[in-house]
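What follows is the content of run.pdb (PDB, N, CA and C atoms).
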ATOM      1  N   MET A   1     -11.231  27.081 -10.455
ATOM      2  CA  MET A   1     -11.885  25.788 -10.303
ATOM      3  C   MET A   1     -11.354  25.130  -9.027
ATOM      4  N   ALA A   2     -12.229  24.624  -8.246
ATOM      5  CA  ALA A   2     -11.861  23.978  -6.984
ATOM      6  C   ALA A   2     -11.265  22.603  -7.243
ATOM      7  N   ASP A   3     -10.359  22.210  -6.386
ATOM      8  CA  ASP A   3      -9.776  20.874  -6.484
ATOM      9  C   ASP A   3     -10.712  19.864  -5.845
ATOM     10  N   LEU A   4     -10.697  18.682  -6.398
ATOM     11  CA  LEU A   4     -11.525  17.598  -5.888
ATOM     12  C   LEU A   4     -10.644  16.364  -5.796
ATOM     13  N   THR A   5     -10.618  15.727  -4.664
ATOM     14  CA  THR A   5      -9.824  14.515  -4.486
ATOM     15  C   THR A   5     -10.737  13.310  -4.603
ATOM     16  N   VAL A   6     -10.281  12.343  -5.384
ATOM     17  CA  VAL A   6     -11.061  11.115  -5.570
ATOM     18  C   VAL A   6     -10.171   9.910  -5.332
ATOM     19  N   ILE A   7     -10.798   8.787  -5.067
ATOM     20  CA  ILE A   7     -10.101   7.513  -4.907
ATOM     21  C   ILE A   7     -10.575   6.601  -6.027
ATOM     22  N   TYR A   8      -9.637   5.905  -6.644
ATOM     23  CA  TYR A   8      -9.979   4.974  -7.711
ATOM     24  C   TYR A   8     -10.116   3.585  -7.110
ATOM     25  N   GLU A   9     -11.326   3.038  -7.154
ATOM     26  CA  GLU A   9     -11.587   1.699  -6.613
ATOM     27  C   GLU A   9     -12.458   0.920  -7.579
ATOM     28  N   ASP A  10     -12.042  -0.266  -7.899
ATOM     29  CA  ASP A  10     -12.835  -1.167  -8.740
ATOM     30  C   ASP A  10     -13.302  -0.501 -10.026
ATOM     31  N   GLY A  11     -12.420   0.262 -10.661
ATOM     32  CA  GLY A  11     -12.748   0.884 -11.936
ATOM     33  C   GLY A  11     -13.615   2.128 -11.830
ATOM     34  N   VAL A  12     -13.818   2.644 -10.623
ATOM     35  CA  VAL A  12     -14.688   3.807 -10.423
ATOM     36  C   VAL A  12     -13.938   4.878  -9.636
ATOM     37  N   LEU A  13     -14.054   6.137 -10.092
ATOM     38  CA  LEU A  13     -13.505   7.264  -9.340
ATOM     39  C   LEU A  13     -14.535   7.688  -8.306
ATOM     40  N   LYS A  14     -14.164   7.627  -7.038
ATOM     41  CA  LYS A  14     -15.093   7.963  -5.953
ATOM     42  C   LYS A  14     -14.593   9.212  -5.234
ATOM     43  N   PRO A  15     -15.408  10.290  -5.207
ATOM     44  CA  PRO A  15     -14.998  11.509  -4.492
ATOM     45  C   PRO A  15     -14.835  11.242  -2.999
ATOM     46  N   THR A  16     -13.847  11.903  -2.398
ATOM     47  CA  THR A  16     -13.641  11.751  -0.954
ATOM     48  C   THR A  16     -14.550  12.689  -0.161
ATOM     49  N   ALA A  17     -15.168  13.645  -0.844
ATOM     50  CA  ALA A  17     -16.120  14.563  -0.212
ATOM     51  C   ALA A  17     -17.346  14.652  -1.128
ATOM     52  N   PRO A  18     -18.496  15.017  -0.584
ATOM     53  CA  PRO A  18     -19.701  15.122  -1.420
ATOM     54  C   PRO A  18     -19.490  16.078  -2.589
ATOM     55  N   LEU A  19     -20.071  15.746  -3.708
ATOM     56  CA  LEU A  19     -19.934  16.525  -4.934
ATOM     57  C   LEU A  19     -21.312  17.025  -5.331
ATOM     58  N   SER A  20     -21.451  18.316  -5.495
ATOM     59  CA  SER A  20     -22.758  18.849  -5.902
ATOM     60  C   SER A  20     -22.596  19.628  -7.202
ATOM     61  N   LEU A  21     -23.217  19.118  -8.248
ATOM     62  CA  LEU A  21     -23.215  19.769  -9.556
ATOM     63  C   LEU A  21     -24.643  20.160  -9.909
ATOM     64  N   ARG A  22     -24.775  21.299 -10.595
ATOM     65  CA  ARG A  22     -26.089  21.701 -11.081
ATOM     66  C   ARG A  22     -26.373  20.980 -12.390
ATOM     67  N   GLU A  23     -27.609  20.923 -12.762
ATOM     68  CA  GLU A  23     -28.040  20.290 -14.010
ATOM     69  C   GLU A  23     -27.262  20.882 -15.182
ATOM     70  N   GLY A  24     -26.639  20.026 -15.979
ATOM     71  CA  GLY A  24     -25.902  20.448 -17.164
ATOM     72  C   GLY A  24     -24.475  20.913 -16.889
ATOM     73  N   GLU A  25     -24.088  21.006 -15.644
ATOM     74  CA  GLU A  25     -22.734  21.431 -15.286
ATOM     75  C   GLU A  25     -21.768  20.280 -15.555
ATOM     76  N   THR A  26     -20.583  20.609 -16.043
ATOM     77  CA  THR A  26     -19.590  19.575 -16.340
ATOM     78  C   THR A  26     -18.423  19.690 -15.375
ATOM     79  N   LEU A  27     -17.676  18.640 -15.346
ATOM     80  CA  LEU A  27     -16.522  18.557 -14.461
ATOM     81  C   LEU A  27     -15.336  18.089 -15.292
ATOM     82  N   GLN A  28     -14.225  18.792 -15.205
ATOM     83  CA  GLN A  28     -13.013  18.404 -15.921
ATOM     84  C   GLN A  28     -12.102  17.661 -14.952
ATOM     85  N   ILE A  29     -11.610  16.502 -15.378
ATOM     86  CA  ILE A  29     -10.753  15.682 -14.520
ATOM     87  C   ILE A  29      -9.336  15.710 -15.078
ATOM     88  N   ARG A  30      -8.385  15.965 -14.194
ATOM     89  CA  ARG A  30      -6.972  15.964 -14.557
ATOM     90  C   ARG A  30      -6.268  15.012 -13.600
ATOM     91  N   ILE A  31      -5.532  14.051 -14.143
ATOM     92  CA  ILE A  31      -4.816  13.073 -13.320
ATOM     93  C   ILE A  31      -3.442  13.650 -12.969
ATOM     94  N   LEU A  32      -3.133  13.704 -11.685
ATOM     95  CA  LEU A  32      -1.850  14.221 -11.208
ATOM     96  C   LEU A  32      -1.002  13.086 -10.673
ATOM     97  N   GLU A  33       0.302  13.273 -10.739
ATOM     98  CA  GLU A  33       1.216  12.305 -10.143
ATOM     99  C   GLU A  33       1.081  12.403  -8.627
ATOM    100  N   PRO A  34       1.089  11.277  -7.938
ATOM    101  CA  PRO A  34       0.991  11.342  -6.474
ATOM    102  C   PRO A  34       2.239  11.987  -5.884
ATOM    103  N   GLU A  35       2.032  12.764  -4.845
ATOM    104  CA  GLU A  35       3.162  13.383  -4.159
ATOM    105  C   GLU A  35       3.798  12.355  -3.239
ATOM    106  N   ALA A  36       5.112  12.299  -3.291
ATOM    107  CA  ALA A  36       5.826  11.355  -2.424
ATOM    108  C   ALA A  36       5.770  11.871  -0.990
ATOM    109  N   PRO A  37       5.405  11.013  -0.062
ATOM    110  CA  PRO A  37       5.403  11.458   1.340
ATOM    111  C   PRO A  37       6.835  11.707   1.802
ATOM    112  N   PRO A  38       7.027  12.669   2.688
ATOM    113  CA  PRO A  38       8.388  12.931   3.158
ATOM    114  C   PRO A  38       8.924  11.720   3.921
ATOM    115  N   PRO A  39      10.200  11.417   3.724
ATOM    116  CA  PRO A  39      10.779  10.280   4.440
ATOM    117  C   PRO A  39      10.730  10.507   5.951
ATOM    118  N   ALA A  40      10.651   9.414   6.672
ATOM    119  CA  ALA A  40      10.590   9.487   8.136
ATOM    120  C   ALA A  40      11.861  10.110   8.703
ATOM    121  N   ASN A  41      12.951   9.956   7.983
ATOM    122  CA  ASN A  41      14.235  10.461   8.481
ATOM    123  C   ASN A  41      14.631  11.759   7.768
ATOM    124  N   GLN A  42      13.644  12.596   7.436
ATOM    125  CA  GLN A  42      13.913  13.835   6.702
ATOM    126  C   GLN A  42      14.875  14.750   7.460
ATOM    127  N   ALA A  43      14.757  14.826   8.764
ATOM    128  CA  ALA A  43      15.645  15.693   9.548
ATOM    129  C   ALA A  43      17.103  15.255   9.399
ATOM    130  N   ALA A  44      17.340  13.948   9.428
ATOM    131  CA  ALA A  44      18.711  13.438   9.270
ATOM    132  C   ALA A  44      19.232  13.744   7.869
ATOM    133  N   LEU A  45      18.386  13.577   6.858
ATOM    134  CA  LEU A  45      18.802  13.882   5.488
ATOM    135  C   LEU A  45      19.136  15.365   5.335
ATOM    136  N   ASP A  46      18.320  16.223   5.924
ATOM    137  CA  ASP A  46      18.583  17.660   5.855
ATOM    138  C   ASP A  46      19.908  18.013   6.528
ATOM    139  N   LEU A  47      20.191  17.378   7.651
ATOM    140  CA  LEU A  47      21.443  17.632   8.361
ATOM    141  C   LEU A  47      22.644  17.193   7.524
ATOM    142  N   LEU A  48      22.561  16.012   6.923
ATOM    143  CA  LEU A  48      23.656  15.536   6.072
ATOM    144  C   LEU A  48      23.875  16.466   4.883
ATOM    145  N   ARG A  49      22.792  16.933   4.275
ATOM    146  CA  ARG A  49      22.918  17.869   3.151
ATOM    147  C   ARG A  49      23.595  19.165   3.593
ATOM    148  N   SER A  50      23.231  19.649   4.773
ATOM    149  CA  SER A  50      23.833  20.899   5.242
ATOM    150  C   SER A  50      25.329  20.716   5.477
ATOM    151  N   TRP A  51      25.721  19.571   6.010
ATOM    152  CA  TRP A  51      27.150  19.303   6.207
ATOM    153  C   TRP A  51      27.873  19.258   4.875
ATOM    154  N   ARG A  52      27.265  18.605   3.898
ATOM    155  CA  ARG A  52      27.889  18.493   2.581
ATOM    156  C   ARG A  52      28.032  19.871   1.946
ATOM    157  N   GLU A  53      27.005  20.703   2.092
ATOM    158  CA  GLU A  53      27.027  22.018   1.461
ATOM    159  C   GLU A  53      27.976  22.978   2.165
ATOM    160  N   GLU A  54      28.122  22.829   3.481
ATOM    161  CA  GLU A  54      29.036  23.701   4.219
ATOM    162  C   GLU A  54      30.470  23.428   3.811
ATOM    163  N   GLY A  55      30.864  22.160   3.839
ATOM    164  CA  GLY A  55      32.174  21.722   3.397
ATOM    165  C   GLY A  55      33.340  22.586   3.836
ATOM    166  N   ASP A  56      34.020  22.213   4.882
ATOM    167  CA  ASP A  56      35.207  22.912   5.352
ATOM    168  C   ASP A  56      36.390  22.403   4.534
ATOM    169  N   GLU A  57      36.882  23.251   3.646
ATOM    170  CA  GLU A  57      37.941  22.840   2.727
ATOM    171  C   GLU A  57      39.222  22.414   3.451
ATOM    172  N   GLN A  58      39.607  23.154   4.471
ATOM    173  CA  GLN A  58      40.828  22.825   5.209
ATOM    174  C   GLN A  58      40.693  21.472   5.894
ATOM    175  N   GLU A  59      39.537  21.223   6.495
ATOM    176  CA  GLU A  59      39.311  19.943   7.168
ATOM    177  C   GLU A  59      39.362  18.790   6.164
ATOM    178  N   GLN A  60      38.805  19.009   4.978
ATOM    179  CA  GLN A  60      38.838  17.967   3.951
ATOM    180  C   GLN A  60      40.272  17.662   3.522
ATOM    181  N   LYS A  61      41.092  18.697   3.383
ATOM    182  CA  LYS A  61      42.497  18.493   3.009
ATOM    183  C   LYS A  61      43.237  17.711   4.089
ATOM    184  N   GLU A  62      43.004  18.079   5.348
ATOM    185  CA  GLU A  62      43.665  17.382   6.454
ATOM    186  C   GLU A  62      43.227  15.922   6.527
ATOM    187  N   THR A  63      41.942  15.688   6.316
ATOM    188  CA  THR A  63      41.434  14.312   6.334
ATOM    189  C   THR A  63      42.072  13.506   5.216
ATOM    190  N   TRP A  64      42.156  14.089   4.015
ATOM    191  CA  TRP A  64      42.770  13.385   2.886
ATOM    192  C   TRP A  64      44.233  13.061   3.187
ATOM    193  N   GLU A  65      44.971  14.015   3.719
ATOM    194  CA  GLU A  65      46.380  13.774   4.028
ATOM    195  C   GLU A  65      46.523  12.659   5.059
ATOM    196  N   PHE A  66      45.675  12.648   6.077
ATOM    197  CA  PHE A  66      45.715  11.606   7.098
ATOM    198  C   PHE A  66      45.441  10.237   6.476
ATOM    199  N   LEU A  67      44.381  10.150   5.668
ATOM    200  CA  LEU A  67      44.038   8.866   5.041
ATOM    201  C   LEU A  67      45.134   8.406   4.083
ATOM    202  N   LYS A  68      45.675   9.336   3.326
ATOM    203  CA  LYS A  68      46.746   9.003   2.383
ATOM    204  C   LYS A  68      47.961   8.450   3.127
ATOM    205  N   GLN A  69      48.336   9.094   4.223
ATOM    206  CA  GLN A  69      49.482   8.641   5.006
ATOM    207  C   GLN A  69      49.209   7.257   5.599
ATOM    208  N   ALA A  70      48.011   7.054   6.133
ATOM    209  CA  ALA A  70      47.663   5.756   6.726
ATOM    210  C   ALA A  70      47.710   4.653   5.678
ATOM    211  N   LEU A  71      47.241   4.945   4.483
ATOM    212  CA  LEU A  71      47.276   3.941   3.410
ATOM    213  C   LEU A  71      48.711   3.662   2.968
ATOM    214  N   ASP A  72      49.512   4.716   2.850
ATOM    215  CA  ASP A  72      50.902   4.535   2.435
ATOM    216  C   ASP A  72      51.683   3.707   3.457
ATOM    217  N   GLU A  73      51.380   3.867   4.741
ATOM    218  CA  GLU A  73      52.091   3.125   5.782
ATOM    219  C   GLU A  73      51.683   1.658   5.823
ATOM    220  N   ASP A  74      50.529   1.351   5.307
ATOM    221  CA  ASP A  74      50.002  -0.011   5.399
ATOM    222  C   ASP A  74      49.911  -0.664   4.014
ATOM    223  N   ARG A  75      50.885  -0.423   3.189
ATOM    224  CA  ARG A  75      50.893  -1.017   1.846
ATOM    225  C   ARG A  75      51.059  -2.531   1.940
ATOM    226  N   LEU A  76      50.434  -3.247   1.033
ATOM    227  CA  LEU A  76      50.519  -4.705   0.998
ATOM    228  C   LEU A  76      51.967  -5.147   0.822
ATOM    229  N   SER A  77      52.731  -4.436  -0.012
ATOM    230  CA  SER A  77      54.121  -4.828  -0.247
ATOM    231  C   SER A  77      54.943  -4.749   1.041
ATOM    232  N   ASP A  78      54.619  -3.801   1.919
ATOM    233  CA  ASP A  78      55.323  -3.690   3.192
ATOM    234  C   ASP A  78      54.972  -4.849   4.120
ATOM    235  N   ARG A  79      53.743  -5.341   4.032
ATOM    236  CA  ARG A  79      53.301  -6.410   4.929
ATOM    237  C   ARG A  79      53.862  -7.761   4.517
ATOM    238  N   LEU A  80      54.308  -7.898   3.284
ATOM    239  CA  LEU A  80      54.815  -9.180   2.798
ATOM    240  C   LEU A  80      56.287  -9.382   3.140
ATOM    241  N   LYS A  81      56.957  -8.406   3.682
ATOM    242  CA  LYS A  81      58.385  -8.527   4.000
ATOM    243  C   LYS A  81      58.614  -9.399   5.191
TER     244      LYS A  81
END
Rewrite the structure of this file - the entire thing - as structure tokens.
Amino acid sequence: MADLTVIYEDGVLKPTAPLSLREGETLQIRILEPEAPPPANQAALDLLRSWREEGDEQEQKETWEFLKQALDEDRLSDRLK
């Protein structure tokens, strides 16, 4: 069965292309969920996902150690002295 696209306006389904049915022929209508258009920034999202999936374990450990050390050096209790 061929797909047919229609627009719903003012309570009426209107075909976007001419529809030709023979006498006595029926048409079955199935309502589908609209497809979400791809985001404008899809390339950026794909790049971020690839970085997340690659994940360099050693780099993550080094980053954590650096952040941990920076936080430990700048404790509030040290600043109050």
Practice task
Would you please give, as a ChimeraX atom specification, all residues of chain A that DSSP assigns to strand (DSSP E) based on the backbone?
Solution key: /A:6-9,12-15
Problem - Contacts of Ile29 in chain A at 9 Å (only C-alpha atoms; same-chain gap of 2+ positions) as an NGL selection string - result: :A and (4 or 27 or 31)
Exercise for the section: On this file, the PyMOL selection byres (((chain A and resi 6-16 and name CA) around 12) and name CA) gives some set of residues; write that set as a list in words. Expected result: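 Residues picked by the PyMOL selection byres (((chain A and resi 6-16 and name CA) around 12) and name CA): Asp3, Leu4, Thr5, Ala17, Pro18, Leu19, Ser20, Ile29, Arg30, Ile31, Leu32 and Pro34 of chain A.
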Handout entry: Separation of atom N of Leu67 in chain A from CA of Glu54 in chain A in Å
Key =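 Spanning CA of Glu54 in chain A to atom N of Leu67 in chain A is a straight-line distance of 20.5 Å.
We find CA of Arg52 in chain A and atom C of Ala36 in chain A to be spaced 23.4 Å apart.
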Handout entry: Distance of atom N of Pro39 in chain A from CA of Ala2 in chain A, expressed in Å to one decimal place
Key = 27.6 Å
Using the chain letters and numbers from this document, which residues of chain A does DSSP assign to alpha helix (DSSP H), as an mmCIF file with N, CA and C atoms, in the frame of the given file?
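Output contents, as saved in part35.cif:
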data_model
loop_
_atom_site.group_PDB
_atom_site.id
_atom_site.type_symbol
_atom_site.label_atom_id
_atom_site.label_comp_id
_atom_site.auth_asym_id
_atom_site.auth_seq_id
_atom_site.Cartn_x
_atom_site.Cartn_y
_atom_site.Cartn_z
ATOM 1 N N GLN A 42 13.644 12.596 7.436
ATOM 2 C CA GLN A 42 13.913 13.835 6.702
ATOM 3 C C GLN A 42 14.875 14.750 7.460
ATOM 4 N N ALA A 43 14.757 14.826 8.764
ATOM 5 C CA ALA A 43 15.645 15.693 9.548
ATOM 6 C C ALA A 43 17.103 15.255 9.399
ATOM 7 N N ALA A 44 17.340 13.948 9.428
ATOM 8 C CA ALA A 44 18.711 13.438 9.270
ATOM 9 C C ALA A 44 19.232 13.744 7.869
ATOM 10 N N LEU A 45 18.386 13.577 6.858
ATOM 11 C CA LEU A 45 18.802 13.882 5.488
ATOM 12 C C LEU A 45 19.136 15.365 5.335
ATOM 13 N N ASP A 46 18.320 16.223 5.924
ATOM 14 C CA ASP A 46 18.583 17.660 5.855
ATOM 15 C C ASP A 46 19.908 18.013 6.528
ATOM 16 N N LEU A 47 20.191 17.378 7.651
ATOM 17 C CA LEU A 47 21.443 17.632 8.361
ATOM 18 C C LEU A 47 22.644 17.193 7.524
ATOM 19 N N LEU A 48 22.561 16.012 6.923
ATOM 20 C CA LEU A 48 23.656 15.536 6.072
ATOM 21 C C LEU A 48 23.875 16.466 4.883
ATOM 22 N N ARG A 49 22.792 16.933 4.275
ATOM 23 C CA ARG A 49 22.918 17.869 3.151
ATOM 24 C C ARG A 49 23.595 19.165 3.593
ATOM 25 N N SER A 50 23.231 19.649 4.773
ATOM 26 C CA SER A 50 23.833 20.899 5.242
ATOM 27 C C SER A 50 25.329 20.716 5.477
ATOM 28 N N TRP A 51 25.721 19.571 6.010
ATOM 29 C CA TRP A 51 27.150 19.303 6.207
ATOM 30 C C TRP A 51 27.873 19.258 4.875
ATOM 31 N N ARG A 52 27.265 18.605 3.898
ATOM 32 C CA ARG A 52 27.889 18.493 2.581
ATOM 33 C C ARG A 52 28.032 19.871 1.946
ATOM 34 N N GLU A 53 27.005 20.703 2.092
ATOM 35 C CA GLU A 53 27.027 22.018 1.461
ATOM 36 C C GLU A 53 27.976 22.978 2.165
ATOM 37 N N GLU A 54 28.122 22.829 3.481
ATOM 38 C CA GLU A 54 29.036 23.701 4.219
ATOM 39 C C GLU A 54 30.470 23.428 3.811
ATOM 40 N N GLU A 57 36.882 23.251 3.646
ATOM 41 C CA GLU A 57 37.941 22.840 2.727
ATOM 42 C C GLU A 57 39.222 22.414 3.451
ATOM 43 N N GLN A 58 39.607 23.154 4.471
ATOM 44 C CA GLN A 58 40.828 22.825 5.209
ATOM 45 C C GLN A 58 40.693 21.472 5.894
ATOM 46 N N GLU A 59 39.537 21.223 6.495
ATOM 47 C CA GLU A 59 39.311 19.943 7.168
ATOM 48 C C GLU A 59 39.362 18.790 6.164
ATOM 49 N N GLN A 60 38.805 19.009 4.978
ATOM 50 C CA GLN A 60 38.838 17.967 3.951
ATOM 51 C C GLN A 60 40.272 17.662 3.522
ATOM 52 N N LYS A 61 41.092 18.697 3.383
ATOM 53 C CA LYS A 61 42.497 18.493 3.009
ATOM 54 C C LYS A 61 43.237 17.711 4.089
ATOM 55 N N GLU A 62 43.004 18.079 5.348
ATOM 56 C CA GLU A 62 43.665 17.382 6.454
ATOM 57 C C GLU A 62 43.227 15.922 6.527
ATOM 58 N N THR A 63 41.942 15.688 6.316
ATOM 59 C CA THR A 63 41.434 14.312 6.334
ATOM 60 C C THR A 63 42.072 13.506 5.216
ATOM 61 N N TRP A 64 42.156 14.089 4.015
ATOM 62 C CA TRP A 64 42.770 13.385 2.886
ATOM 63 C C TRP A 64 44.233 13.061 3.187
ATOM 64 N N GLU A 65 44.971 14.015 3.719
ATOM 65 C CA GLU A 65 46.380 13.774 4.028
ATOM 66 C C GLU A 65 46.523 12.659 5.059
ATOM 67 N N PHE A 66 45.675 12.648 6.077
ATOM 68 C CA PHE A 66 45.715 11.606 7.098
ATOM 69 C C PHE A 66 45.441 10.237 6.476
ATOM 70 N N LEU A 67 44.381 10.150 5.668
ATOM 71 C CA LEU A 67 44.038 8.866 5.041
ATOM 72 C C LEU A 67 45.134 8.406 4.083
ATOM 73 N N LYS A 68 45.675 9.336 3.326
ATOM 74 C CA LYS A 68 46.746 9.003 2.383
ATOM 75 C C LYS A 68 47.961 8.450 3.127
ATOM 76 N N GLN A 69 48.336 9.094 4.223
ATOM 77 C CA GLN A 69 49.482 8.641 5.006
ATOM 78 C C GLN A 69 49.209 7.257 5.599
ATOM 79 N N ALA A 70 48.011 7.054 6.133
ATOM 80 C CA ALA A 70 47.663 5.756 6.726
ATOM 81 C C ALA A 70 47.710 4.653 5.678
ATOM 82 N N LEU A 71 47.241 4.945 4.483
ATOM 83 C CA LEU A 71 47.276 3.941 3.410
ATOM 84 C C LEU A 71 48.711 3.662 2.968
ATOM 85 N N ASP A 72 49.512 4.716 2.850
ATOM 86 C CA ASP A 72 50.902 4.535 2.435
ATOM 87 C C ASP A 72 51.683 3.707 3.457
ATOM 88 N N GLU A 73 51.380 3.867 4.741
ATOM 89 C CA GLU A 73 52.091 3.125 5.782
ATOM 90 C C GLU A 73 51.683 1.658 5.823
ATOM 91 N N LEU A 76 50.434 -3.247 1.033
ATOM 92 C CA LEU A 76 50.519 -4.705 0.998
ATOM 93 C C LEU A 76 51.967 -5.147 0.822
ATOM 94 N N SER A 77 52.731 -4.436 -0.012
ATOM 95 C CA SER A 77 54.121 -4.828 -0.247
ATOM 96 C C SER A 77 54.943 -4.749 1.041
ATOM 97 N N ASP A 78 54.619 -3.801 1.919
ATOM 98 C CA ASP A 78 55.323 -3.690 3.192
ATOM 99 C C ASP A 78 54.972 -4.849 4.120
ATOM 100 N N ARG A 79 53.743 -5.341 4.032
ATOM 101 C CA ARG A 79 53.301 -6.410 4.929
ATOM 102 C C ARG A 79 53.862 -7.761 4.517
#
